[in-house]
Amino acid sequence: MSARRFPRYVAVWLDVLRRCHRVRPGLTRAALLCRLAGLVTLPATGLAAREAIDASGRGVPDAVVVAAVVGAVAFALNATIEVLANAYRTEVVSRVGLTVLDAEIVGAVCALEDTDHLEKPEYLDRVTVLRGAAWSIVDGAWGALDGLLNLARLGIVLLLLGTVHPALLGLLAFAAIPLWFDVRGRRAITRAEVDTAWRLRLHRQLFSLLTSAHAHKEVRLGGTAAELVDRAEREWDLTHRARVRAQATGAAWRFGGWVVFTAGFVGTVALVVHQARVGHASAGDVVLLTTIAVTLRTTVQRTVDRAAETAGAGRLLEPYLWLRAYAERHEREGAGVPAPDRLRQGIGLHGVGYRYPGTGRDVLHDVTVDLPAGSTVAIVGEYGSGKSTLVKLLCGFHRPTSGTIRVDGEDLDRLDRRSWWRATAAAFQDFGRFEVPFREAVGLGDLPRIDDRDAVREAVVSAGGAGLLERLPDGLDTRLGRAFGGLELSEGQWQKTALARASMRPAPVLFVLDEPTASLDAPSEREVFGRYLARARAVAAATGGVTVVVSHRFSTVADADLILVLEGGRLVQSGTHAELMARGGGYADLFTLSEKSFANP
């Protein structure tokens, strides 16, 4: 843990401890009091033992009894306090880690104003390290506090040893050596965990692929299970080897530290025994030394362990602080003027280009076009032509790498992203499958109205899902998804659920349908497009909103007000269906081919 980072870590630990006190004040105070009491009970045990022996030598039996009772009570309290402190601490750490800090980490991930970070390995590696780490971060704050109190206890113990012989204070220097050695070892472990995070992420992805209900058919038909298992095992093996080597390095550093400490400790004990033999120390001093010696190793061990845990917290705190800073930076960048609740001019794209992070190729090139307010715009093109990327830019999930997108003349980058998302409704080709009651799976499209059963039912009907609703055993309250004992929908039924979710917002200024019918047959597709073109007219009348329909099937979008034809990330044609057919070329050829394919299935 570098000196430069340490103040930042301390600030996090103090903040975490304040949260613990705010969430569970009674248990937090009880755990702290137990830790403070432990500073007294251990030294009291040794002092009482010395007094009992010395009083016996002086022939004072009453003093022997009192000292023995005090020592016994102190020893019992020390053991009891340790158990209680750990129990209180575990309860507080679990409550705050799993219900407060974990929610904050997930919230920071979900609050980012675009989705570019999902394409960045540096982001994904840190999120991999943070997965399930909230408990450990909170525990690390308590570990830092324990480490501080253990140092105080160690100081008290050494002061007691100093009363026997000043030379024993030299143990303090020997006690610091294992700390330094352990920190060096922890650095190797931390570095290895960060460096191998991407391999661990790949292993988890392969595991998910092998156990996914969506991929199992292709895995079995292709006979790829063994190959994927081998790859997953290889990534795990490489990760495990690198981390084991780092653990071995850390263990070697720790062993070296303890060798030095043990040598110093044995030497100081031998000195005191010699002093007792020549009459410069009492029998009580020898007992005190023996009592403290038995516990000193444990005290130093705890101090080292807690210090090691604190130093190792950099493994989690550094990604945690990075994520917080990343989210805060993007929060500031995302804040801006509110999105309009009605379009008057429309949405203009001016020289828009985009390149995904970490790639060397633009997927969109110099796209310039105006989408008039109240218009229905169809984007067509072959797979990989850039249709979905253009939609993501319009939704504000990505920022153009060149050019600008303007909403009623205002740069989209200057709009507050959350208000723009609240003004947008969309159904995407990679739609979510929310395994919750059906009414919630639909109602999530407009959170303020999630409990409005009439609104949910209306959205389902408008998406052509009335038949689906009738077949659900418990109607709107039917739980979806086998993972939680619910009903598993077909691909087309999941897609209709997503379409219904997109219909929940009654008056968006941007309404997007990105390949919304990929899982439906041709008649169902035409029916859905007919419904949504009618809905587009209603949206246009209410808000001047622009409806954007993405499809690779040319025959379904002929009624759009404006058709954009993309090819290789470039806008090659635009106009109405009639204009494009009269002009000839790519659109006319593909439309004719599409019509023939539907006419002759």
# chains A, B, ... in the order shown; residues from 1 in each chain; ligands from 1
call {"tool": "residues_around", "arguments": {"residues": "range 576-581 of chain A", "least_positions_apart": "6", "cutoff": "7 Å", "atoms": "only C-alpha atoms", "output": "PDB file with C-alpha atoms, in the first residue's frame"}}
result
ATOM      1  CA  ALA A 558     -42.595   0.764 -46.845  1.00  0.00           C
ATOM      2  CA  ASP A 561     -42.134   8.705 -43.780  1.00  0.00           C
ATOM      3  CA  LEU A 562     -38.375   8.419 -44.259  1.00  0.00           C
ATOM      4  CA  ILE A 563     -36.255   5.372 -45.056  1.00  0.00           C
ATOM      5  CA  TYR A 587     -33.027  -0.264 -51.858  1.00  0.00           C
ATOM      6  CA  ALA A 588     -35.209  -1.059 -54.875  1.00  0.00           C
TER       7      ALA A 588
END
call {"tool": "atom_distance", "arguments": {"atom1": "CA of Val337 in chain A", "atom2": "CA of Leu415 in chain A"}}
result
4.8 Å
call {"tool": "atom_distance", "arguments": {"atom1": "CA of Ser136 in chain A", "atom2": "CA of Ser94 in chain A"}}
result
9.4 Å
call {"tool": "residues_around", "arguments": {"residues": "range 469-486 of chain A", "least_positions_apart": "5", "cutoff": "7 Å", "atoms": "only C-alpha atoms", "output": "list in words"}}
result
Glu435, Val436, Pro437, Phe438 and Arg439 of chain A
call {"tool": "closest_residue", "arguments": {"among": "A:Glu318, A:Asp230, A:Asp559, A:Glu51", "to": "Arg126 in chain A", "atoms": "only C-alpha atoms"}}
result
A:Glu318
call {"tool": "residues_around", "arguments": {"residues": "range 62-77 of chain A", "least_positions_apart": "5", "cutoff": "10 Å", "atoms": "only C-alpha atoms", "output": "ChimeraX atom specification"}}
result
/A:34,37-38,40-57,82-83
call {"tool": "select_by_dssp", "arguments": {"residues": "range 472-517 of chain A", "states": "strand (DSSP E)", "output": "compact mmCIF listing (two decimals) with C-alpha atoms, in the first residue's frame"}}
result
# COMPACT_ATOMS: atom_id res chain seq x y z
CA LEU A 510 -38.15 9.16 -29.24
CA PHE A 511 -39.73 5.77 -29.83
CA VAL A 512 -37.34 3.04 -31.02
CA LEU A 513 -38.08 -0.41 -32.36
CA ASP A 514 -34.76 -2.14 -33.02
call {"tool": "residues_around", "arguments": {"residues": "Leu343 in chain A", "least_positions_apart": "3", "cutoff": "10 Å", "atoms": "only C-alpha atoms", "output": "VMD selection string"}}
result
chain A and resid 339 to 340 346 to 347 372 to 374 407 to 408 508 to 510 540 542 to 546
call {"tool": "closest_residue", "arguments": {"among": "A:Arg201, A:Leu394, A:Asp102, A:Val377", "to": "Ala536 in chain A", "atoms": "only C-alpha atoms"}}
result
A:Val377
